[in-house]
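Visitor: Please find upload_34.txt (compact mmCIF, C-alpha atoms) on the next line:
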# COMPACT_ATOMS: atom_id res chain seq x y z
CA MET A 1 49.82 25.03 -21.21
CA GLN A 2 51.27 27.13 -18.42
CA ILE A 3 47.70 27.41 -17.07
CA ILE A 4 47.92 23.85 -15.73
CA ALA A 5 51.69 23.75 -15.20
CA GLY A 6 53.10 22.21 -12.04
CA LYS A 7 52.48 18.99 -10.17
CA TRP A 8 49.02 19.58 -8.67
CA LYS A 9 46.74 21.60 -10.97
CA SER A 10 45.93 18.75 -13.36
CA VAL A 11 45.18 16.47 -10.36
CA ILE A 12 42.89 19.11 -8.78
CA LEU A 13 41.10 19.64 -12.09
CA TYR A 14 40.67 15.88 -12.54
CA HIS A 15 38.68 15.74 -9.29
CA LEU A 16 36.63 18.84 -10.16
CA ILE A 17 35.87 17.47 -13.66
CA HIS A 18 34.75 14.13 -12.22
CA GLN A 19 33.08 15.88 -9.27
CA ASP A 20 34.35 13.34 -6.78
CA ALA A 21 35.87 16.06 -4.61
CA THR A 22 34.75 19.67 -4.89
CA ARG A 23 35.36 21.13 -1.42
CA PHE A 24 38.71 22.15 0.05
CA SER A 25 38.46 19.41 2.67
CA THR A 26 37.50 16.66 0.21
CA LEU A 27 40.14 17.79 -2.31
CA ASN A 28 42.78 17.66 0.43
CA LYS A 29 41.61 14.13 1.35
CA ALA A 30 41.56 13.06 -2.30
CA ILE A 31 45.11 14.40 -2.80
CA PRO A 32 46.85 13.40 0.45
CA SER A 33 50.37 14.23 -0.75
CA VAL A 34 49.62 17.95 -1.25
CA SER A 35 49.90 20.25 1.77
CA PRO A 36 46.85 22.40 2.65
CA ARG A 37 48.98 25.50 2.02
CA MET A 38 50.03 24.32 -1.47
CA LEU A 39 46.46 23.25 -2.27
CA ALA A 40 45.15 26.70 -1.31
CA LEU A 41 47.84 28.34 -3.48
CA GLN A 42 47.03 26.18 -6.54
CA LEU A 43 43.27 26.79 -6.12
CA ALA A 44 43.85 30.55 -5.86
CA GLN A 45 45.92 30.51 -9.08
CA LEU A 46 43.30 28.44 -10.92
CA GLU A 47 40.64 30.90 -9.75
CA ALA A 48 42.75 33.90 -10.84
CA ASP A 49 43.15 32.27 -14.27
CA ASP A 50 39.34 31.92 -14.59
CA VAL A 51 39.59 28.11 -14.66
CA ILE A 52 37.54 27.55 -11.48
CA THR A 53 35.11 29.45 -9.28
CA LYS A 54 34.85 29.41 -5.49
CA SER A 55 31.57 29.66 -3.57
CA ALA A 56 30.41 29.21 0.00
CA ALA A 57 29.13 25.66 0.45
CA SER A 58 27.54 26.01 3.89
CA ILE A 59 25.34 28.59 5.55
CA ASP A 60 28.05 29.48 8.03
CA GLY A 61 30.36 30.07 5.05
CA ARG A 62 33.07 27.86 6.54
CA ALA A 63 32.98 25.25 3.78
CA THR A 64 34.09 26.29 0.28
CA GLU A 65 32.94 24.67 -2.93
CA TYR A 66 34.96 24.78 -6.15
CA ALA A 67 33.61 24.32 -9.68
CA LEU A 68 34.90 24.62 -13.23
CA THR A 69 34.10 27.72 -15.26
CA PRO A 70 33.01 27.19 -18.89
CA PHE A 71 36.61 28.03 -19.83
CA GLY A 72 37.91 25.52 -17.27
CA ALA A 73 35.65 22.86 -18.76
CA THR A 74 37.48 23.22 -22.10
CA LEU A 75 40.49 21.64 -20.37
CA ALA A 76 38.63 18.37 -19.68
CA PRO A 77 39.89 16.51 -22.80
CA VAL A 78 43.50 17.38 -21.91
CA ILE A 79 43.10 16.40 -18.26
CA ASP A 80 41.39 13.12 -19.18
CA ALA A 81 44.08 12.29 -21.78
CA MET A 82 46.70 12.93 -19.06
CA ALA A 83 44.83 10.66 -16.63
CA VAL A 84 44.68 7.82 -19.18
CA TRP A 85 48.38 8.29 -19.93
CA GLY A 86 49.30 8.46 -16.23
CA THR A 87 47.47 5.22 -15.44
CA ALA A 88 49.24 3.40 -18.28
CA TYR A 89 52.59 4.93 -17.25
CA ASN A 90 52.20 3.79 -13.62
CA ALA A 91 51.20 0.29 -14.77
CA ARG A 92 54.33 0.25 -16.96
CA LEU A 93 56.48 1.34 -14.01
CA GLN A 94 55.07 -1.41 -11.79
CA LYS A 95 55.67 -4.03 -14.47
CA THR A 96 59.33 -2.99 -14.83
CA THR A 97 59.87 -2.92 -11.04
CA VAL A 98 58.22 -6.37 -10.59
CA SER A 99 60.03 -8.16 -13.45
CA MET B 100 53.28 14.83 -16.33
CA GLN B 101 56.72 16.15 -15.42
CA ILE B 102 58.02 14.27 -18.47
CA ILE B 103 56.58 16.98 -20.75
CA ALA B 104 56.80 19.86 -18.26
CA GLY B 105 58.00 23.24 -19.43
CA LYS B 106 57.21 25.47 -22.37
CA TRP B 107 58.83 23.58 -25.27
CA LYS B 108 58.59 19.80 -24.88
CA SER B 109 54.94 19.52 -25.89
CA VAL B 110 55.62 21.74 -28.95
CA ILE B 111 58.64 19.62 -29.96
CA LEU B 112 56.64 16.41 -29.53
CA TYR B 113 53.77 17.85 -31.60
CA HIS B 114 56.14 18.25 -34.57
CA LEU B 115 57.66 14.79 -34.09
CA ILE B 116 54.21 13.18 -33.78
CA HIS B 117 53.04 14.91 -36.97
CA GLN B 118 56.43 14.38 -38.60
CA ASP B 119 56.51 17.86 -40.10
CA ALA B 120 59.89 18.58 -38.52
CA THR B 121 62.18 15.78 -37.36
CA ARG B 122 65.69 17.22 -37.70
CA PHE B 123 67.36 19.71 -35.37
CA SER B 124 67.42 22.32 -38.13
CA THR B 125 63.78 21.85 -39.16
CA LEU B 126 62.61 21.77 -35.52
CA ASN B 127 64.43 25.03 -34.88
CA LYS B 128 62.76 26.55 -37.96
CA ALA B 129 59.36 25.19 -36.92
CA ILE B 130 59.78 26.67 -33.41
CA PRO B 131 61.45 30.04 -34.09
CA SER B 132 60.99 31.38 -30.56
CA VAL B 133 63.15 28.68 -28.96
CA SER B 134 66.92 29.22 -28.90
CA PRO B 135 69.13 26.47 -30.41
CA ARG B 136 70.71 25.96 -26.98
CA MET B 137 67.31 25.50 -25.28
CA LEU B 138 66.11 23.23 -28.09
CA ALA B 139 69.19 21.03 -27.69
CA LEU B 140 68.63 20.87 -23.91
CA GLN B 141 64.97 19.90 -24.27
CA LEU B 142 65.78 17.24 -26.89
CA ALA B 143 68.52 15.79 -24.64
CA GLN B 144 66.06 15.55 -21.71
CA LEU B 145 63.39 13.92 -23.88
CA GLU B 146 66.01 11.42 -25.08
CA ALA B 147 67.18 10.72 -21.50
CA ASP B 148 63.54 10.08 -20.53
CA ASP B 149 63.20 7.51 -23.36
CA VAL B 150 60.55 9.64 -25.11
CA ILE B 151 62.58 10.17 -28.32
CA THR B 152 65.57 8.66 -30.10
CA LYS B 153 68.34 10.45 -31.98
CA SER B 154 70.03 9.07 -35.09
CA ALA B 155 72.40 10.35 -37.77
CA ALA B 156 70.37 11.57 -40.73
CA SER B 157 73.19 12.07 -43.23
CA ILE B 158 76.23 10.07 -44.22
CA ASP B 159 78.55 12.73 -42.88
CA GLY B 160 76.64 12.47 -39.56
CA ARG B 161 76.19 16.25 -39.40
CA ALA B 162 72.38 16.12 -39.60
CA THR B 163 70.48 14.54 -36.70
CA GLU B 164 67.07 12.94 -36.95
CA TYR B 165 64.70 12.60 -34.00
CA ALA B 166 61.85 10.12 -33.67
CA LEU B 167 59.39 9.00 -30.99
CA THR B 168 60.04 5.80 -29.08
CA PRO B 169 57.07 3.46 -28.55
CA PHE B 170 56.82 4.99 -25.06
CA GLY B 171 56.95 8.50 -26.54
CA ALA B 172 54.12 7.60 -28.91
CA THR B 173 51.85 6.93 -25.89
CA LEU B 174 51.94 10.71 -25.28
CA ALA B 175 50.30 11.49 -28.64
CA PRO B 176 46.70 11.72 -27.29
CA VAL B 177 47.83 14.17 -24.58
CA ILE B 178 49.85 16.29 -27.01
CA ASP B 179 47.01 16.37 -29.54
CA ALA B 180 44.44 17.29 -26.86
CA MET B 181 46.78 20.13 -25.81
CA ALA B 182 47.08 21.31 -29.43
CA VAL B 183 43.29 21.37 -29.88
CA TRP B 184 42.92 23.25 -26.59
CA GLY B 185 45.71 25.69 -27.45
CA THR B 186 44.17 26.56 -30.81
CA ALA B 187 40.79 27.24 -29.19
CA TYR B 188 42.47 29.24 -26.40
CA ASN B 189 44.36 31.45 -28.89
CA ALA B 190 41.17 32.02 -30.92
CA ARG B 191 39.42 33.02 -27.66
CA LEU B 192 42.26 35.44 -26.82
CA GLN B 193 42.06 37.06 -30.26
CA LYS B 194 38.28 37.46 -29.96
CA THR B 195 38.60 39.19 -26.59
CA THR B 196 41.40 41.49 -27.84
CA VAL B 197 39.44 42.40 -31.03
CA SER B 198 36.04 43.06 -29.34
As a first step, turn the structure in this file into structure tokens.

Guide:
Amino acid sequence: MQIIAGKWKSVILYHLIHQDATRFSTLNKAIPSVSPRMLALQLAQLEADDVITKSAASIDGRATEYALTPFGATLAPVIDAMAVWGTAYNARLQKTTVS
Amino acid sequence: MQIIAGKWKSVILYHLIHQDATRFSTLNKAIPSVSPRMLALQLAQLEADDVITKSAASIDGRATEYALTPFGATLAPVIDAMAVWGTAYNARLQKTTVS
């Protein structure tokens, strides 16, 4: 699963799958701990791997919109299983730090 | 998901989840492209992260048996989703190389 290796790609794909952040600016807001430079690098790699597409989102071409390709959409079950696991893992961590 | 990062951990966990290879020797046979040294390193990391346990599997203690911890078992949905995706991805690759 090298195609989603690393810290950020699965998080980026989660937002694109759930369409709650699909522009560079909204992705950067949704993932505050990633630098704009790293976000741009991860998006470029995902695009090169045919997982996402990039298109102009405004007439002046300044805003960029990202979307999953049909191939990228096949990753949704993996990304969602990771999200479910991550939520349970974080809850487990909090319980052990509180007790 | 740094806990299963890298090329081999998800493959190792797949075999432990499906219990078709649970000893060092059978894991190494089931994953021929991993070196014994790398396999030992990955197993040690998984053990340190409380994902698997190691126990003597023979009276002379020479054979070692690995098993998932309850925490490790929570990864099963992610590992299985990866396996389903990987199988479809490889089939897609073969189709594009054949056509």

Visitor: Looking at A:Ala88, A:Lys7, A:Thr69, A:Thr64, which one is nearest to Leu27 (chain A), with distances taken over all atoms listed in the file?

Guide: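 Ranking A:Ala88, A:Lys7, A:Thr69, A:Thr64 by distance to Leu27 (chain A), first place goes to A:Thr64.
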
Visitor: Any chance you could tabulate, as a Markdown table, the residues of chain B at most 8 Å from chain A with each one's nearest atom pair and distance in Å to one decimal, using only C-alpha atoms, in chain and rising number order?

Guide:
| residue | atom | partner | partner_atom | distance |
| --- | --- | --- | --- | --- |
| B:Met100 | CA | A:Met82 | CA | 7.4 |
| B:Gln101 | CA | A:Lys7 | CA | 7.3 |
| B:Ala104 | CA | A:Ala5 | CA | 7.1 |
| B:Gly105 | CA | A:Ala5 | CA | 7.6 |
| B:Lys106 | CA | A:Gln2 | CA | 7.3 |
| B:Thr173 | CA | A:Trp85 | CA | 7.0 |
| B:Leu174 | CA | A:Trp85 | CA | 6.9 |
| B:Pro176 | CA | A:Ala81 | CA | 6.1 |
| B:Val177 | CA | A:Ala81 | CA | 5.0 |
| B:Ala180 | CA | A:Val78 | CA | 5.0 |
| B:Met181 | CA | A:Val78 | CA | 5.8 |
| B:Trp184 | CA | A:Leu75 | CA | 6.9 |
| B:Gly185 | CA | A:Met1 | CA | 7.5 |

Visitor: May I have chain B as a PDB file with C-alpha atoms, keeping the file's coordinate frame, after a least-squares superposition on chain A that uses all C-alpha atoms paired in order?

Guide:
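And here's superposed_35.pdb as it stands now:
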ATOM      1  CA  MET B 100      49.816  24.997 -21.211  1.00  0.00           C
ATOM      2  CA  GLN B 101      51.260  27.112 -18.409  1.00  0.00           C
ATOM      3  CA  ILE B 102      47.702  27.401 -17.074  1.00  0.00           C
ATOM      4  CA  ILE B 103      47.921  23.831 -15.724  1.00  0.00           C
ATOM      5  CA  ALA B 104      51.695  23.762 -15.181  1.00  0.00           C
ATOM      6  CA  GLY B 105      53.092  22.206 -12.041  1.00  0.00           C
ATOM      7  CA  LYS B 106      52.479  18.987 -10.169  1.00  0.00           C
ATOM      8  CA  TRP B 107      49.013  19.576  -8.671  1.00  0.00           C
ATOM      9  CA  LYS B 108      46.740  21.589 -10.968  1.00  0.00           C
ATOM     10  CA  SER B 109      45.936  18.737 -13.343  1.00  0.00           C
ATOM     11  CA  VAL B 110      45.178  16.459 -10.345  1.00  0.00           C
ATOM     12  CA  ILE B 111      42.892  19.094  -8.775  1.00  0.00           C
ATOM     13  CA  LEU B 112      41.096  19.636 -12.087  1.00  0.00           C
ATOM     14  CA  TYR B 113      40.657  15.867 -12.534  1.00  0.00           C
ATOM     15  CA  HIS B 114      38.669  15.732  -9.274  1.00  0.00           C
ATOM     16  CA  LEU B 115      36.618  18.819 -10.154  1.00  0.00           C
ATOM     17  CA  ILE B 116      35.871  17.479 -13.653  1.00  0.00           C
ATOM     18  CA  HIS B 117      34.749  14.134 -12.207  1.00  0.00           C
ATOM     19  CA  GLN B 118      33.076  15.870  -9.271  1.00  0.00           C
ATOM     20  CA  ASP B 119      34.338  13.332  -6.755  1.00  0.00           C
ATOM     21  CA  ALA B 120      35.867  16.065  -4.604  1.00  0.00           C
ATOM     22  CA  THR B 121      34.736  19.680  -4.880  1.00  0.00           C
ATOM     23  CA  ARG B 122      35.342  21.134  -1.412  1.00  0.00           C
ATOM     24  CA  PHE B 123      38.684  22.170   0.065  1.00  0.00           C
ATOM     25  CA  SER B 124      38.431  19.422   2.676  1.00  0.00           C
ATOM     26  CA  THR B 125      37.484  16.666   0.219  1.00  0.00           C
ATOM     27  CA  LEU B 126      40.139  17.793  -2.292  1.00  0.00           C
ATOM     28  CA  ASN B 127      42.759  17.656   0.440  1.00  0.00           C
ATOM     29  CA  LYS B 128      41.592  14.138   1.362  1.00  0.00           C
ATOM     30  CA  ALA B 129      41.549  13.078  -2.294  1.00  0.00           C
ATOM     31  CA  ILE B 130      45.112  14.403  -2.777  1.00  0.00           C
ATOM     32  CA  PRO B 131      46.845  13.424   0.486  1.00  0.00           C
ATOM     33  CA  SER B 132      50.359  14.235  -0.724  1.00  0.00           C
ATOM     34  CA  VAL B 133      49.622  17.937  -1.239  1.00  0.00           C
ATOM     35  CA  SER B 134      49.902  20.244   1.779  1.00  0.00           C
ATOM     36  CA  PRO B 135      46.850  22.401   2.652  1.00  0.00           C
ATOM     37  CA  ARG B 136      48.963  25.511   2.030  1.00  0.00           C
ATOM     38  CA  MET B 137      50.015  24.322  -1.455  1.00  0.00           C
ATOM     39  CA  LEU B 138      46.455  23.242  -2.261  1.00  0.00           C
ATOM     40  CA  ALA B 139      45.146  26.688  -1.312  1.00  0.00           C
ATOM     41  CA  LEU B 140      47.828  28.344  -3.479  1.00  0.00           C
ATOM     42  CA  GLN B 141      47.032  26.181  -6.505  1.00  0.00           C
ATOM     43  CA  LEU B 142      43.277  26.767  -6.122  1.00  0.00           C
ATOM     44  CA  ALA B 143      43.846  30.546  -5.855  1.00  0.00           C
ATOM     45  CA  GLN B 144      45.916  30.515  -9.081  1.00  0.00           C
ATOM     46  CA  LEU B 145      43.311  28.434 -10.919  1.00  0.00           C
ATOM     47  CA  GLU B 146      40.642  30.898  -9.754  1.00  0.00           C
ATOM     48  CA  ALA B 147      42.750  33.907 -10.841  1.00  0.00           C
ATOM     49  CA  ASP B 148      43.153  32.272 -14.271  1.00  0.00           C
ATOM     50  CA  ASP B 149      39.344  31.922 -14.592  1.00  0.00           C
ATOM     51  CA  VAL B 150      39.601  28.108 -14.664  1.00  0.00           C
ATOM     52  CA  ILE B 151      37.537  27.551 -11.480  1.00  0.00           C
ATOM     53  CA  THR B 152      35.103  29.449  -9.277  1.00  0.00           C
ATOM     54  CA  LYS B 153      34.844  29.423  -5.489  1.00  0.00           C
ATOM     55  CA  SER B 154      31.568  29.685  -3.583  1.00  0.00           C
ATOM     56  CA  ALA B 155      30.390  29.240   0.002  1.00  0.00           C
ATOM     57  CA  ALA B 156      29.120  25.697   0.452  1.00  0.00           C
ATOM     58  CA  SER B 157      27.529  26.058   3.885  1.00  0.00           C
ATOM     59  CA  ILE B 158      25.339  28.655   5.523  1.00  0.00           C
ATOM     60  CA  ASP B 159      28.047  29.531   8.003  1.00  0.00           C
ATOM     61  CA  GLY B 160      30.371  30.085   4.998  1.00  0.00           C
ATOM     62  CA  ARG B 161      33.071  27.888   6.545  1.00  0.00           C
ATOM     63  CA  ALA B 162      32.969  25.267   3.771  1.00  0.00           C
ATOM     64  CA  THR B 163      34.088  26.301   0.279  1.00  0.00           C
ATOM     65  CA  GLU B 164      32.937  24.694  -2.937  1.00  0.00           C
ATOM     66  CA  TYR B 165      34.951  24.787  -6.158  1.00  0.00           C
ATOM     67  CA  ALA B 166      33.607  24.319  -9.673  1.00  0.00           C
ATOM     68  CA  LEU B 167      34.896  24.619 -13.242  1.00  0.00           C
ATOM     69  CA  THR B 168      34.100  27.718 -15.260  1.00  0.00           C
ATOM     70  CA  PRO B 169      33.003  27.199 -18.879  1.00  0.00           C
ATOM     71  CA  PHE B 170      36.609  28.032 -19.820  1.00  0.00           C
ATOM     72  CA  GLY B 171      37.904  25.522 -17.260  1.00  0.00           C
ATOM     73  CA  ALA B 172      35.654  22.848 -18.751  1.00  0.00           C
ATOM     74  CA  THR B 173      37.492  23.217 -22.099  1.00  0.00           C
ATOM     75  CA  LEU B 174      40.503  21.619 -20.355  1.00  0.00           C
ATOM     76  CA  ALA B 175      38.627  18.363 -19.668  1.00  0.00           C
ATOM     77  CA  PRO B 176      39.899  16.498 -22.789  1.00  0.00           C
ATOM     78  CA  VAL B 177      43.510  17.384 -21.897  1.00  0.00           C
ATOM     79  CA  ILE B 178      43.099  16.392 -18.246  1.00  0.00           C
ATOM     80  CA  ASP B 179      41.397  13.117 -19.169  1.00  0.00           C
ATOM     81  CA  ALA B 180      44.076  12.276 -21.767  1.00  0.00           C
ATOM     82  CA  MET B 181      46.694  12.923 -19.051  1.00  0.00           C
ATOM     83  CA  ALA B 182      44.831  10.640 -16.620  1.00  0.00           C
ATOM     84  CA  VAL B 183      44.674   7.805 -19.171  1.00  0.00           C
ATOM     85  CA  TRP B 184      48.376   8.271 -19.930  1.00  0.00           C
ATOM     86  CA  GLY B 185      49.306   8.445 -16.245  1.00  0.00           C
ATOM     87  CA  THR B 186      47.488   5.211 -15.438  1.00  0.00           C
ATOM     88  CA  ALA B 187      49.255   3.398 -18.285  1.00  0.00           C
ATOM     89  CA  TYR B 188      52.600   4.934 -17.257  1.00  0.00           C
ATOM     90  CA  ASN B 189      52.210   3.776 -13.629  1.00  0.00           C
ATOM     91  CA  ALA B 190      51.221   0.266 -14.777  1.00  0.00           C
ATOM     92  CA  ARG B 191      54.351   0.239 -16.989  1.00  0.00           C
ATOM     93  CA  LEU B 192      56.511   1.336 -14.030  1.00  0.00           C
ATOM     94  CA  GLN B 193      55.097  -1.422 -11.819  1.00  0.00           C
ATOM     95  CA  LYS B 194      55.721  -4.041 -14.519  1.00  0.00           C
ATOM     96  CA  THR B 195      59.355  -2.988 -14.884  1.00  0.00           C
ATOM     97  CA  THR B 196      59.903  -2.935 -11.091  1.00  0.00           C
ATOM     98  CA  VAL B 197      58.252  -6.387 -10.648  1.00  0.00           C
ATOM     99  CA  SER B 198      60.057  -8.167 -13.551  1.00  0.00           C
TER     100      SER B 198
END

Visitor: What does the structure give for the distance between CA of Leu41 (chain A) and CA of Ile4 (chain A), in Å to one decimal?

Guide: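 We find that CA of Leu41 (chain A) and CA of Ile4 (chain A) lie 13.0 Å from each other.
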
Visitor: Please indicate the distance in Å from CA of Arg161 (chain B) to CA of Glu146 (chain B), rounded to one decimal place.

Guide: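 So the two atoms, CA of Arg161 (chain B) and CA of Glu146 (chain B), lie 18.2 Å apart.
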
Visitor: What does the distance from CA of Thr97 (chain A) to CA of Gly171 (chain B) come to in Å, to one decimal?

Guide: 19.5 Å

Visitor: Neighbours of Ser154 (chain B) within 10 Å (only C-alpha atoms; same-chain residues fewer than 3 positions away dropped), as a PDB file with C-alpha atoms, in the coordinates of the input?

Guide:
ATOM      1  CA  ARG B 122      65.690  17.220 -37.700  1.00  0.00           C
ATOM      2  CA  SER B 157      73.190  12.070 -43.230  1.00  0.00           C
ATOM      3  CA  GLY B 160      76.640  12.470 -39.560  1.00  0.00           C
ATOM      4  CA  ALA B 162      72.380  16.120 -39.600  1.00  0.00           C
ATOM      5  CA  THR B 163      70.480  14.540 -36.700  1.00  0.00           C
ATOM      6  CA  GLU B 164      67.070  12.940 -36.950  1.00  0.00           C
ATOM      7  CA  TYR B 165      64.700  12.600 -34.000  1.00  0.00           C
ATOM      8  CA  ALA B 166      61.850  10.120 -33.670  1.00  0.00           C
TER       9      ALA B 166
END

Visitor: Pick from B:Ala156, B:Ile116, B:Leu192, B:Leu142: nearest to Pro169 (chain B), with only C-alpha atoms counted?

Guide: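 Smallest separation from Pro169 (chain B) among the options: B:Ile116.
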
Visitor: Tell me which of A:Ala56, A:Ala91, A:Ile31, A:Val51 sits closest to Ile12 (chain A), counting only C-alpha atoms.

Guide: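 Among A:Ala56, A:Ala91, A:Ile31, A:Val51, it is A:Ile31 that comes nearest to Ile12 (chain A).
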
Visitor: Would you mind completing region 109-124 of chain B to N, CA, C and O atoms and writing the output as a short mmCIF file (atom, residue, chain, number, x, y, z; two decimals), in the coordinates of the input?

Guide:
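Written output follows (part-v4.cif):
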data_model
loop_
_atom_site.label_atom_id
_atom_site.label_comp_id
_atom_site.auth_asym_id
_atom_site.auth_seq_id
_atom_site.Cartn_x
_atom_site.Cartn_y
_atom_site.Cartn_z
N SER B 109 56.18 19.93 -25.21
CA SER B 109 54.94 19.52 -25.89
C SER B 109 54.94 20.04 -27.34
O SER B 109 54.43 19.37 -28.24
N VAL B 110 55.57 21.18 -27.58
CA VAL B 110 55.62 21.74 -28.95
C VAL B 110 56.55 20.87 -29.81
O VAL B 110 56.22 20.50 -30.94
N ILE B 111 57.69 20.49 -29.25
CA ILE B 111 58.64 19.62 -29.96
C ILE B 111 57.95 18.30 -30.30
O ILE B 111 57.98 17.83 -31.45
N LEU B 112 57.29 17.71 -29.31
CA LEU B 112 56.64 16.41 -29.53
C LEU B 112 55.53 16.52 -30.57
O LEU B 112 55.32 15.61 -31.37
N TYR B 113 54.82 17.66 -30.59
CA TYR B 113 53.77 17.85 -31.60
C TYR B 113 54.36 17.70 -33.00
O TYR B 113 53.82 16.98 -33.85
N HIS B 114 55.51 18.33 -33.23
CA HIS B 114 56.14 18.25 -34.57
C HIS B 114 56.63 16.84 -34.85
O HIS B 114 56.50 16.34 -35.97
N LEU B 115 57.17 16.16 -33.86
CA LEU B 115 57.66 14.79 -34.09
C LEU B 115 56.49 13.83 -34.32
O LEU B 115 56.55 12.95 -35.17
N ILE B 116 55.40 14.03 -33.60
CA ILE B 116 54.21 13.18 -33.78
C ILE B 116 53.66 13.37 -35.20
O ILE B 116 53.31 12.41 -35.88
N HIS B 117 53.62 14.61 -35.65
CA HIS B 117 53.04 14.91 -36.97
C HIS B 117 54.09 14.90 -38.07
O HIS B 117 53.83 15.20 -39.22
N GLN B 118 55.33 14.56 -37.66
CA GLN B 118 56.43 14.38 -38.60
C GLN B 118 56.58 15.53 -39.60
O GLN B 118 56.96 15.32 -40.74
N ASP B 119 56.30 16.74 -39.16
CA ASP B 119 56.51 17.86 -40.10
C ASP B 119 57.85 18.54 -39.81
O ASP B 119 58.25 19.45 -40.51
N ALA B 120 58.53 18.08 -38.80
CA ALA B 120 59.89 18.58 -38.52
C ALA B 120 60.54 17.54 -37.62
O ALA B 120 60.08 17.31 -36.50
N THR B 121 61.58 16.87 -38.16
CA THR B 121 62.18 15.78 -37.36
C THR B 121 63.69 15.95 -37.21
O THR B 121 64.33 15.15 -36.55
N ARG B 122 64.26 16.97 -37.86
CA ARG B 122 65.69 17.22 -37.70
C ARG B 122 65.89 18.45 -36.82
O ARG B 122 65.01 19.29 -36.70
N PHE B 123 67.09 18.57 -36.25
CA PHE B 123 67.36 19.71 -35.37
C PHE B 123 67.07 21.01 -36.13
O PHE B 123 66.36 21.90 -35.64
N SER B 124 67.56 21.08 -37.35
CA SER B 124 67.42 22.32 -38.13
C SER B 124 65.95 22.63 -38.44
O SER B 124 65.49 23.76 -38.29
#
